[in-house]
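Below is one structure, written out as structure tokens; comments come after it.
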Amino acid sequence: MKKTAVKTVGILTAGGDAPGLNAAIRGVCRSGMINYGMKFVGIRNGYRGLVEGDCFQIKTGDVAGILTRGGTILGTARDKPFKNPVPDADTGLLPIEAIKKNYKKWKMDALVVLGGNGTNTTGSLLFEEGLNVVGLPKTIDNDIVGTDITFGFHTAVDVATEAIDRIHTTAHSHSRVMVVEVMGHKAGWLGLYSAIAGGGDVCLIPEIPYDIKSVSKEILARRDAGKNFSIVVVAEGALSKAEAKMTKKEFKKARLEMPQSIGYRVAHELEEATGLESRVSVLGYLQRGGTPSPYDRVLANQFGVAAADFLAREDFGKLVAMQNNKIVGVPLSECAGKVKNIPLDDPIIQSGRSVGICFGD
Ligand code: F6P
């Protein structure tokens with residue numbers, strides 16, 4: 001057993017769930033217990049549990065048999081304790097005051113937060129407030145700055161790719177244009193990877209605003225070349241060139257007024273422009289639920305084990321990240337409040353263009 005001053009560690013999962021969360025929880029706890037004799041306090045439902053003091057002592061058995069399980073045994077929520085804070089009606093405490101009180105009450109020497117951009121931004125603010133925080137990068141969107149990869153992403157790519165494969169056969173049978181809407185409200189990693197892996201003909205992502213005329217032209221060209229169907233992969237955050245010119249406020253309003261999600265709009269516009277029958281499949285939460293792929297289990301385990309080492313050497317205020325296949329620590333302040341979009345000169349975009357994927361630009 002290696003020595004460390006860090007004896008008791010709080011652990012929470014926040015934001016949207018992702019496959020691999022339980023594998024990461026298991027990695028942190030098992031490695032922390034086995035190698036450093038640490039104790040872990042589970043915090044339920046993200047930062048809400050930390051504010052409310054909804055905590056429990058994690059026993060070895062709690063993290064047994066969870067490697068393959070989807071979701072999170074800790075529960076999750078999207079609460080942001082630093083956003084518009086109001087004092088609690090009963091205690092009069094602000095969320096940050098309640099957090100500090102519970103951190104002390106449960107004798108935490110440190111806190112591990114597993115989550116996406118929102119979670120790690122809050123983690124960074126808590127570190128500034130004096131808590132010893134270590135962050136882990138989880139999201140199916142793969143959009144966290146400072147890490148090449150997040151766990152959950154590849155499982156979601158697998159799910160979306162399988163869906164596109166299946167949609168291919170029915171598209172072919174019915175000679176239809178099939179729009180497949182995938183998640184990714186700010187970044188298009190999932191859309192791009194699944195479009196390439198699934199052989200999509202069109203890929204619309206937030207990074208490349210589209211012109212519906214270019215997309216229809218591509219689909220009509222495919223028809224004229226004798227192809228009887230087309231697969232259009234649309235990220236939920238895809239936007240038109242006209243929308244790209246809007247202010248953030250105008251865009252938000254326009255999206256609120258849109259009766260259905262973007263996939264439906266694209267399908268409708270394409271049917272009007274091409275006269276070809278179009279259908280939509282919104283993959284939604286299927287991409288987030290269920291068992292993690294072996295790749296994500298291995299990745300989440302690596303991140304979890306590394307987090308125990310970060311804790312043991314009191315390397316706080318860091319996101320455990322992967323850069324060039326190596327685990328590194330990135331200051332949470334460098335990731336906070338940012339989104340990792342696909343760089344427009346990323347060779348992966350070019351590799352899609354080179355095999356004929358139309359990005360609608
Ligand atoms: O986990 C990230 C994400 O999957 C986004 O792609 C999506 O927009 C969002 O979560 C939706 O999640 P929820 O409905 O839980 O807020």
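Following the order of the structure tokens, first chain is A, next is B, and so on, with residues numbered from 1 inside each chain and ligands from 1 in the order they appear.
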
Kindly work out which residues sit at most 10 Å from ligand 1, using only C-alpha atoms and all ligand atoms, and give the list as a CSV table (one decimal) with all heavy atoms, in the first residue's frame.
chain,number,residue,atom,x,y,z
A,15,GLY,N,-24.2,15.9,-15.2
A,15,GLY,CA,-24.5,16.1,-16.6
A,15,GLY,C,-25.1,14.9,-17.2
A,15,GLY,O,-25.5,14.0,-16.5
A,16,GLY,N,-25.2,14.9,-18.5
A,16,GLY,CA,-25.9,13.7,-19.2
A,16,GLY,C,-25.0,12.5,-18.9
A,16,GLY,O,-23.8,12.6,-18.9
A,17,ASP,N,-25.7,11.4,-18.8
A,17,ASP,CA,-24.9,10.1,-18.5
A,17,ASP,C,-24.2,9.7,-19.8
A,17,ASP,O,-24.5,10.2,-20.9
A,17,ASP,CB,-25.7,9.0,-17.9
A,17,ASP,CG,-26.8,8.5,-18.9
A,17,ASP,OD1,-27.0,9.1,-19.9
A,17,ASP,OD2,-27.4,7.4,-18.6
A,18,ALA,N,-23.3,8.8,-19.7
A,18,ALA,CA,-22.5,8.3,-20.8
A,18,ALA,C,-22.0,6.9,-20.5
A,18,ALA,O,-21.7,6.6,-19.3
A,18,ALA,CB,-21.3,9.2,-21.2
A,76,THR,N,-27.3,11.0,-11.7
A,76,THR,CA,-26.8,12.3,-12.2
A,76,THR,C,-27.8,13.4,-12.3
A,76,THR,O,-29.0,13.1,-12.3
A,76,THR,CB,-26.1,12.0,-13.6
A,76,THR,OG1,-25.4,13.2,-14.0
A,76,THR,CG2,-27.0,11.6,-14.6
A,77,ALA,N,-27.4,14.6,-12.4
A,77,ALA,CA,-28.3,15.7,-12.6
A,77,ALA,C,-27.5,16.9,-13.3
A,77,ALA,O,-26.3,16.8,-13.2
A,77,ALA,CB,-28.9,16.2,-11.3
A,78,ARG,N,-28.2,17.8,-13.8
A,78,ARG,CA,-27.6,18.9,-14.5
A,78,ARG,C,-27.5,20.2,-13.7
A,78,ARG,O,-27.2,21.3,-14.2
A,78,ARG,CB,-28.3,19.2,-15.8
A,78,ARG,CG,-28.1,18.1,-16.9
A,78,ARG,CD,-28.4,18.7,-18.3
A,78,ARG,NE,-28.3,17.7,-19.3
A,78,ARG,CZ,-27.2,17.4,-20.0
A,78,ARG,NH1,-26.1,18.0,-19.7
A,78,ARG,NH2,-27.2,16.4,-20.9
A,115,GLY,N,-17.6,14.1,-15.5
A,115,GLY,CA,-18.6,14.8,-16.3
A,115,GLY,C,-18.1,15.5,-17.5
A,115,GLY,O,-16.9,15.3,-17.9
A,116,GLY,N,-19.0,16.3,-18.2
A,116,GLY,CA,-18.6,17.0,-19.4
A,116,GLY,C,-18.2,18.4,-19.1
A,116,GLY,O,-17.7,18.7,-18.0
A,117,ASN,N,-18.5,19.3,-20.0
A,117,ASN,CA,-18.0,20.7,-19.9
A,117,ASN,C,-18.6,21.4,-18.7
A,117,ASN,O,-17.9,22.1,-17.9
A,117,ASN,CB,-18.4,21.5,-21.2
A,117,ASN,CG,-17.4,21.0,-22.3
A,117,ASN,OD1,-16.2,20.8,-22.1
A,117,ASN,ND2,-17.9,20.9,-23.5
A,138,LYS,N,-16.0,12.8,-19.3
A,138,LYS,CA,-17.0,11.9,-19.8
A,138,LYS,C,-18.0,12.7,-20.7
A,138,LYS,O,-18.4,13.8,-20.4
A,138,LYS,CB,-17.8,11.4,-18.6
A,138,LYS,CG,-19.2,10.9,-18.9
A,138,LYS,CD,-20.4,11.7,-18.4
A,138,LYS,CE,-20.5,13.1,-18.8
A,138,LYS,NZ,-21.8,13.8,-18.5
A,139,THR,N,-18.2,12.2,-21.9
A,139,THR,CA,-19.4,12.7,-22.7
A,139,THR,C,-19.4,12.0,-24.0
A,139,THR,O,-18.3,11.7,-24.6
A,139,THR,CB,-19.3,14.2,-23.0
A,139,THR,OG1,-20.3,14.5,-24.0
A,139,THR,CG2,-18.0,14.7,-23.4
A,140,ILE,N,-20.6,11.7,-24.5
A,140,ILE,CA,-20.7,11.0,-25.8
A,140,ILE,C,-20.3,12.1,-26.9
A,140,ILE,O,-20.2,11.7,-28.1
A,140,ILE,CB,-22.0,10.4,-26.1
A,140,ILE,CG1,-23.1,11.5,-26.1
A,140,ILE,CG2,-22.3,9.3,-25.1
A,140,ILE,CD1,-24.4,11.0,-26.9
A,141,ASP,N,-20.3,13.4,-26.5
A,141,ASP,CA,-20.1,14.4,-27.5
A,141,ASP,C,-18.6,14.6,-27.9
A,141,ASP,O,-18.3,15.2,-28.9
A,141,ASP,CB,-20.6,15.7,-27.0
A,141,ASP,CG,-22.1,15.7,-26.9
A,141,ASP,OD1,-22.8,14.9,-27.6
A,141,ASP,OD2,-22.7,16.5,-26.2
A,142,ASN,N,-17.7,14.1,-27.1
A,142,ASN,CA,-16.2,14.2,-27.2
A,142,ASN,C,-15.8,15.7,-27.4
A,142,ASN,O,-14.9,16.0,-28.2
A,142,ASN,CB,-15.8,13.4,-28.5
A,142,ASN,CG,-14.3,13.3,-28.6
A,142,ASN,OD1,-13.6,13.2,-27.5
A,142,ASN,ND2,-13.7,13.3,-29.8
A,143,ASP,N,-16.4,16.6,-26.7
A,143,ASP,CA,-16.2,18.0,-26.9
A,143,ASP,C,-15.5,18.7,-25.8
A,143,ASP,O,-15.7,19.9,-25.6
A,143,ASP,CB,-17.5,18.7,-27.3
A,143,ASP,CG,-18.6,18.7,-26.2
A,143,ASP,OD1,-18.3,18.0,-25.2
A,143,ASP,OD2,-19.6,19.3,-26.3
A,152,GLY,N,-17.3,7.2,-23.5
A,152,GLY,CA,-18.7,7.3,-23.9
A,152,GLY,C,-18.8,7.6,-25.3
A,152,GLY,O,-19.7,7.1,-26.0
A,153,PHE,N,-17.8,8.3,-25.9
A,153,PHE,CA,-17.9,8.7,-27.3
A,153,PHE,C,-17.9,7.5,-28.2
A,153,PHE,O,-18.8,7.4,-29.1
A,153,PHE,CB,-16.7,9.6,-27.6
A,153,PHE,CG,-16.6,10.0,-29.1
A,153,PHE,CD1,-17.6,10.7,-29.7
A,153,PHE,CD2,-15.5,9.6,-29.8
A,153,PHE,CE1,-17.5,11.0,-31.1
A,153,PHE,CE2,-15.4,9.9,-31.2
A,153,PHE,CZ,-16.4,10.6,-31.8
A,156,ALA,N,-21.1,5.5,-28.3
A,156,ALA,CA,-22.2,6.2,-29.1
A,156,ALA,C,-21.9,6.1,-30.6
A,156,ALA,O,-22.9,6.0,-31.3
A,156,ALA,CB,-22.2,7.7,-28.6
A,182,VAL,N,-28.4,12.5,-35.1
A,182,VAL,CA,-27.5,12.0,-34.0
A,182,VAL,C,-27.3,13.1,-33.0
A,182,VAL,O,-27.6,14.3,-33.3
A,182,VAL,CB,-26.2,11.5,-34.4
A,182,VAL,CG1,-26.4,10.3,-35.4
A,182,VAL,CG2,-25.3,12.5,-35.0
A,183,MET,N,-26.9,12.8,-31.8
A,183,MET,CA,-26.6,13.8,-30.8
A,183,MET,C,-25.4,14.7,-31.1
A,183,MET,O,-24.6,14.3,-32.0
A,183,MET,CB,-26.5,13.2,-29.4
A,183,MET,CG,-27.9,12.9,-28.7
A,183,MET,SD,-27.7,12.4,-27.0
A,183,MET,CE,-29.4,12.5,-26.5
A,184,GLY,N,-25.2,15.7,-30.3
A,184,GLY,CA,-24.1,16.6,-30.6
A,184,GLY,C,-24.6,18.0,-30.8
A,184,GLY,O,-24.9,18.4,-31.9
A,185,HIS,N,-25.0,18.7,-29.7
A,185,HIS,CA,-25.6,20.0,-29.9
A,185,HIS,C,-24.6,21.1,-30.2
A,185,HIS,O,-25.0,22.1,-30.8
A,185,HIS,CB,-26.5,20.3,-28.7
A,185,HIS,CG,-25.8,20.3,-27.4
A,185,HIS,ND1,-25.2,19.2,-26.9
A,185,HIS,CD2,-25.7,21.3,-26.5
A,185,HIS,CE1,-24.7,19.5,-25.7
A,185,HIS,NE2,-25.0,20.8,-25.4
A,186,LYS,N,-23.4,21.0,-29.8
A,186,LYS,CA,-22.4,22.0,-30.1
A,186,LYS,C,-21.3,21.6,-31.0
A,186,LYS,O,-20.7,22.3,-31.7
A,186,LYS,CB,-21.8,22.6,-28.8
A,186,LYS,CG,-22.9,23.4,-28.0
A,186,LYS,CD,-22.2,24.1,-26.8
A,186,LYS,CE,-23.3,24.9,-26.1
A,186,LYS,NZ,-23.1,24.8,-24.6
A,187,ALA,N,-21.0,20.3,-30.9
A,187,ALA,CA,-19.8,19.7,-31.7
A,187,ALA,C,-20.3,18.5,-32.5
A,187,ALA,O,-21.2,17.8,-32.1
A,187,ALA,CB,-18.7,19.3,-30.7
A,188,GLY,N,-19.6,18.4,-33.6
A,188,GLY,CA,-20.1,17.3,-34.6
A,188,GLY,C,-19.3,16.1,-34.6
A,188,GLY,O,-19.4,15.3,-35.6
A,190,LEU,N,-19.6,13.2,-33.1
A,190,LEU,CA,-20.4,11.9,-33.2
A,190,LEU,C,-21.0,11.8,-34.6
A,190,LEU,O,-21.0,10.8,-35.2
A,190,LEU,CB,-21.5,12.0,-32.1
A,190,LEU,CG,-22.4,10.8,-32.0
A,190,LEU,CD1,-21.7,9.5,-32.0
A,190,LEU,CD2,-23.3,11.0,-30.8
A,235,ALA,N,-26.3,16.2,-37.2
A,235,ALA,CA,-26.1,16.4,-35.8
A,235,ALA,C,-27.2,17.3,-35.3
A,235,ALA,O,-27.6,18.2,-36.0
A,235,ALA,CB,-24.7,17.0,-35.5
A,236,GLU,N,-27.6,17.1,-34.1
A,236,GLU,CA,-28.8,17.8,-33.6
A,236,GLU,C,-28.5,19.3,-33.5
A,236,GLU,O,-29.4,20.2,-33.6
A,236,GLU,CB,-29.2,17.4,-32.2
A,236,GLU,CG,-28.1,17.6,-31.1
A,236,GLU,CD,-28.5,17.0,-29.8
A,236,GLU,OE1,-29.7,17.0,-29.4
A,236,GLU,OE2,-27.6,16.6,-29.0
A,237,GLY,N,-27.2,19.7,-33.5
A,237,GLY,CA,-26.8,21.1,-33.5
A,237,GLY,C,-26.4,21.7,-34.8
A,237,GLY,O,-25.9,22.8,-34.9
A,284,GLY,N,-31.5,9.7,-30.6
A,284,GLY,CA,-31.7,10.1,-29.2
A,284,GLY,C,-30.9,9.4,-28.2
A,284,GLY,O,-29.8,9.1,-28.3
A,285,TYR,N,-31.7,9.0,-27.1
A,285,TYR,CA,-31.0,8.5,-25.9
A,285,TYR,C,-30.4,7.1,-26.1
A,285,TYR,O,-29.7,6.6,-25.2
A,285,TYR,CB,-31.9,8.6,-24.7
A,285,TYR,CG,-32.2,10.0,-24.4
A,285,TYR,CD1,-33.3,10.6,-25.0
A,285,TYR,CD2,-31.3,10.8,-23.7
A,285,TYR,CE1,-33.6,12.0,-24.8
A,285,TYR,CE2,-31.6,12.2,-23.5
A,285,TYR,CZ,-32.7,12.7,-24.0
A,285,TYR,OH,-32.9,14.1,-23.8
A,287,GLN,N,-28.2,6.4,-27.9
A,287,GLN,CA,-26.8,6.6,-28.1
A,287,GLN,C,-26.1,6.8,-26.7
A,287,GLN,O,-24.9,6.6,-26.6
A,287,GLN,CB,-26.5,7.9,-28.9
A,287,GLN,CG,-27.1,7.9,-30.3
A,287,GLN,CD,-27.2,9.3,-30.9
A,287,GLN,OE1,-26.4,9.8,-31.6
A,287,GLN,NE2,-28.4,9.9,-30.6
A,288,ARG,N,-26.8,7.1,-25.7
A,288,ARG,CA,-26.2,7.3,-24.4
A,288,ARG,C,-26.4,6.1,-23.4
A,288,ARG,O,-25.7,5.9,-22.5
A,288,ARG,CB,-26.9,8.5,-23.7
A,288,ARG,CG,-26.0,9.7,-23.9
A,288,ARG,CD,-26.5,11.0,-23.3
A,288,ARG,NE,-27.4,11.0,-22.2
A,288,ARG,CZ,-28.0,12.1,-21.8
A,288,ARG,NH1,-27.9,13.2,-22.5
A,288,ARG,NH2,-28.8,12.1,-20.8

### Task
For segment 159-173 of chain A, please output as an NGL selection string all residues within 6 Å (counting only C-alpha atoms; exclusion window: fewer than 5 positions along the same chain).
:A and (194 or 198 or 229 or 287)

Dump of C-alpha atoms for the selected residues, as a tab-separated table (two decimals), in the first residue's frame:
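Done, and the output landed in result.tsv:
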chain	number	residue	atom	x	y	z
A	194	SER	CA	-20.73	7.83	-37.51
A	198	GLY	CA	-21.66	4.16	-41.63
A	229	PHE	CA	-31.26	6.19	-51.91
A	287	GLN	CA	-26.77	6.65	-28.08

### Task
Extract, using only C-alpha atoms, all DNA, RNA and protein residues at most 9 Å from Ile58 of chain A, discarding same-chain residues fewer than 3 positions from it, and format them as a list in words.
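Those residues are Cys29, Lys39, Phe40, Val41, Gly42, Gly61, Asp62 and Val63 of chain A.
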
Based on the selection just made, write N, CA, C and O atoms of those residues as an mmCIF file, in the first residue's frame.
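Final output, selection_11.cif:
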data_model
loop_
_atom_site.group_PDB
_atom_site.id
_atom_site.type_symbol
_atom_site.label_atom_id
_atom_site.label_comp_id
_atom_site.auth_asym_id
_atom_site.auth_seq_id
_atom_site.Cartn_x
_atom_site.Cartn_y
_atom_site.Cartn_z
ATOM 1 N N CYS A 29 -12.306 3.946 -7.575
ATOM 2 C CA CYS A 29 -12.503 3.377 -6.228
ATOM 3 C C CYS A 29 -11.616 2.163 -5.989
ATOM 4 O O CYS A 29 -10.958 2.064 -4.951
ATOM 5 N N LYS A 39 -10.733 5.828 1.278
ATOM 6 C CA LYS A 39 -12.161 5.564 1.460
ATOM 7 C C LYS A 39 -12.917 6.482 0.496
ATOM 8 O O LYS A 39 -12.468 7.605 0.253
ATOM 9 N N PHE A 40 -14.047 6.011 0.008
ATOM 10 C CA PHE A 40 -14.814 6.823 -0.940
ATOM 11 C C PHE A 40 -16.226 7.099 -0.428
ATOM 12 O O PHE A 40 -16.873 6.222 0.142
ATOM 13 N N VAL A 41 -16.645 8.323 -0.660
ATOM 14 C CA VAL A 41 -17.998 8.735 -0.303
ATOM 15 C C VAL A 41 -18.750 8.975 -1.617
ATOM 16 O O VAL A 41 -18.346 9.832 -2.417
ATOM 17 N N GLY A 42 -19.793 8.211 -1.854
ATOM 18 C CA GLY A 42 -20.591 8.393 -3.059
ATOM 19 C C GLY A 42 -21.555 9.560 -2.865
ATOM 20 O O GLY A 42 -22.187 9.680 -1.808
ATOM 21 N N GLY A 61 -18.238 -3.818 -2.217
ATOM 22 C CA GLY A 61 -19.316 -4.480 -2.949
ATOM 23 C C GLY A 61 -20.099 -3.533 -3.844
ATOM 24 O O GLY A 61 -20.664 -3.950 -4.856
ATOM 25 N N ASP A 62 -20.126 -2.256 -3.482
ATOM 26 C CA ASP A 62 -20.887 -1.286 -4.292
ATOM 27 C C ASP A 62 -20.285 -1.113 -5.690
ATOM 28 O O ASP A 62 -20.972 -0.721 -6.625
ATOM 29 N N VAL A 63 -18.982 -1.341 -5.796
ATOM 30 C CA VAL A 63 -18.357 -1.142 -7.107
ATOM 31 C C VAL A 63 -18.025 -2.478 -7.781
ATOM 32 O O VAL A 63 -17.281 -2.523 -8.760
#

### Message
Env of Glu129 of chain A: 10 Å cut, atoms = only C-alpha atoms, seq-sep filter 6 positions within chain, self excluded. Answer as a list in words.
### Response
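Everything that qualifies: Ile96, Lys100 and Gly123 of chain A.
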
With N, CA and C atoms retained, export the selected residues as a PDB file, in the first residue's frame.
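So result_29.pdb came out as:
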ATOM      1  N   ILE A  96     -22.905  27.036  -2.508  1.00  0.00           N
ATOM      2  CA  ILE A  96     -21.472  26.846  -2.253  1.00  0.00           C
ATOM      3  C   ILE A  96     -21.201  26.658  -0.754  1.00  0.00           C
ATOM      4  N   LYS A 100     -19.528  23.289   0.918  1.00  0.00           N
ATOM      5  CA  LYS A 100     -18.355  23.297   1.817  1.00  0.00           C
ATOM      6  C   LYS A 100     -18.687  22.595   3.130  1.00  0.00           C
ATOM      7  N   GLY A 123     -16.389  22.126 -11.408  1.00  0.00           N
ATOM      8  CA  GLY A 123     -15.238  21.578 -10.683  1.00  0.00           C
ATOM      9  C   GLY A 123     -14.125  22.608 -10.560  1.00  0.00           C
TER      10      GLY A 123
END
